[in-house]
Structures are given as C-alpha cells and as structure tokens.
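To start, the structure under review is shown below, and the notes come after it.
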Amino acid sequence: MLLVKNALKLYTNITCKYFVVSGYRGEALTIKDQMVTRGIESDAEYTEEFASNTFENIVNSMAYIEYALHQEHFKDILLLCKNYAARRRVLTVSK
C-alpha cells in the first residue's frame, strides 16, 4: 500500500514521529497493522476508526493531534491520505 510506504519513509527520515491512522470499517486497523509490520512503532500511531466522515475524523483525533504538537513543539501537521481524499482533508482541516 503506497500510503504505508510513504508513512514509513517519513518515519525513518524522522520527518514524522506521530501518525493518526483513520479509516472506516476496519480500514484503520489494517493500515496500522501494515505500518507496525514495516517498523513504525505502535506508540507513534493513534487509531481513529469510529468516524463516518472526514469532519468526525478530525474532531475525534484532535486531542491526540494537540498532544503530539505540544509534546514536540511542532508547528505543522502533515496530512498523509489517499489521493481521492486529499482535497477533502485539506478543506476540512482548514475550517
């Protein structure tokens, strides 16, 4: 899965230390399992699997995102998602 390959590349280059893995109907757990299998620590991943749309995903993940930003004093968030969801993610987050 290209998404997991890109996440691994970012993780090993220390560009990204924390990930929010989301998906509907088990997709999040499948992605997380693939990330762990490829060497990304499960502690670096927060799994959000209860949202039924992008807005709910962001809302449900905000506590973890704020924790990660505060923990490492980050200023930016990188959205890594499937191509078809990219525009929707950016528009939702910018609200």
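Chains: A, B, ... in order of the structure tokens. Residues: from 1 per chain. Ligands: from 1, in order shown.
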
DSSP on the backbone, then: every residue of chain A marked alpha helix (DSSP H), written as number ranges by chain. A: 2-12, 27-37, 54-72, 86-93

Could you save the residues just selected, with C-alpha atoms, as a CSV table (one decimal), in the first residue's frame?
```csv
chain,number,residue,atom,x,y,z
A,2,LEU,CA,1.5,3.3,-1.1
A,3,LEU,CA,0.2,5.2,1.9
A,4,VAL,CA,2.1,2.9,4.3
A,5,LYS,CA,5.2,3.1,2.2
A,6,ASN,CA,5.1,6.9,2.3
A,7,ALA,CA,4.5,6.8,6.1
A,8,LEU,CA,7.5,4.6,6.6
A,9,LYS,CA,9.7,6.8,4.5
A,10,LEU,CA,8.6,9.9,6.6
A,11,TYR,CA,9.1,7.9,9.9
A,12,THR,CA,12.6,6.6,9.0
A,27,GLU,CA,-9.5,0.0,7.4
A,28,ALA,CA,-7.7,1.9,10.1
A,29,LEU,CA,-6.6,-1.2,11.9
A,30,THR,CA,-5.5,-2.8,8.6
A,31,ILE,CA,-3.3,0.3,7.8
A,32,LYS,CA,-1.9,0.4,11.4
A,33,ASP,CA,-1.0,-3.3,11.3
A,34,GLN,CA,0.8,-2.8,8.0
A,35,MET,CA,2.7,0.2,9.5
A,36,VAL,CA,3.7,-1.8,12.6
A,37,THR,CA,4.8,-4.7,10.4
A,54,THR,CA,-13.7,13.4,7.4
A,55,PHE,CA,-15.0,16.1,9.8
A,56,GLU,CA,-15.7,13.5,12.5
A,57,ASN,CA,-12.3,12.0,12.0
A,58,ILE,CA,-10.6,15.4,12.6
A,59,VAL,CA,-12.8,16.1,15.7
A,60,ASN,CA,-12.1,12.6,17.2
A,61,SER,CA,-8.4,12.9,16.6
A,62,MET,CA,-7.9,16.5,17.9
A,63,ALA,CA,-6.8,15.5,21.4
A,64,TYR,CA,-4.1,13.3,20.1
A,65,ILE,CA,-3.0,15.9,17.5
A,66,GLU,CA,-2.8,18.6,20.2
A,67,TYR,CA,-0.8,16.2,22.4
A,68,ALA,CA,1.7,15.5,19.6
A,69,LEU,CA,2.0,19.2,18.7
A,70,HIS,CA,2.6,20.1,22.4
A,71,GLN,CA,4.9,17.2,23.1
A,72,GLU,CA,7.3,18.0,20.4
A,86,ALA,CA,-6.6,14.8,-0.2
A,87,ARG,CA,-8.7,17.8,-1.2
A,88,ARG,CA,-11.5,17.0,1.3
A,89,ARG,CA,-8.9,16.6,4.1
A,90,VAL,CA,-7.3,20.0,3.5
A,91,LEU,CA,-10.7,21.7,3.2
A,92,THR,CA,-12.0,20.1,6.4
A,93,VAL,CA,-8.8,20.8,8.5
```

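Interatomic distance, CA of Asn13 in chain A to CA of Glu48 in chain A: 24.3 Å.
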
Could you please determine the separation between CA of Phe19 in chain A and CA of Arg38 in chain A in Å, to one decimal place? 14.2 Å

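Across A:Lys82, A:Ser94, A:Val21, A:Gly26, the tightest approach to Glu45 in chain A is made by A:Val21 when counting only C-alpha atoms.
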
Going by DSSP on the backbone, which residues of chain A come out as strand (DSSP E)? List them as an NGL selection string. :A and (19-22 or 45-48)
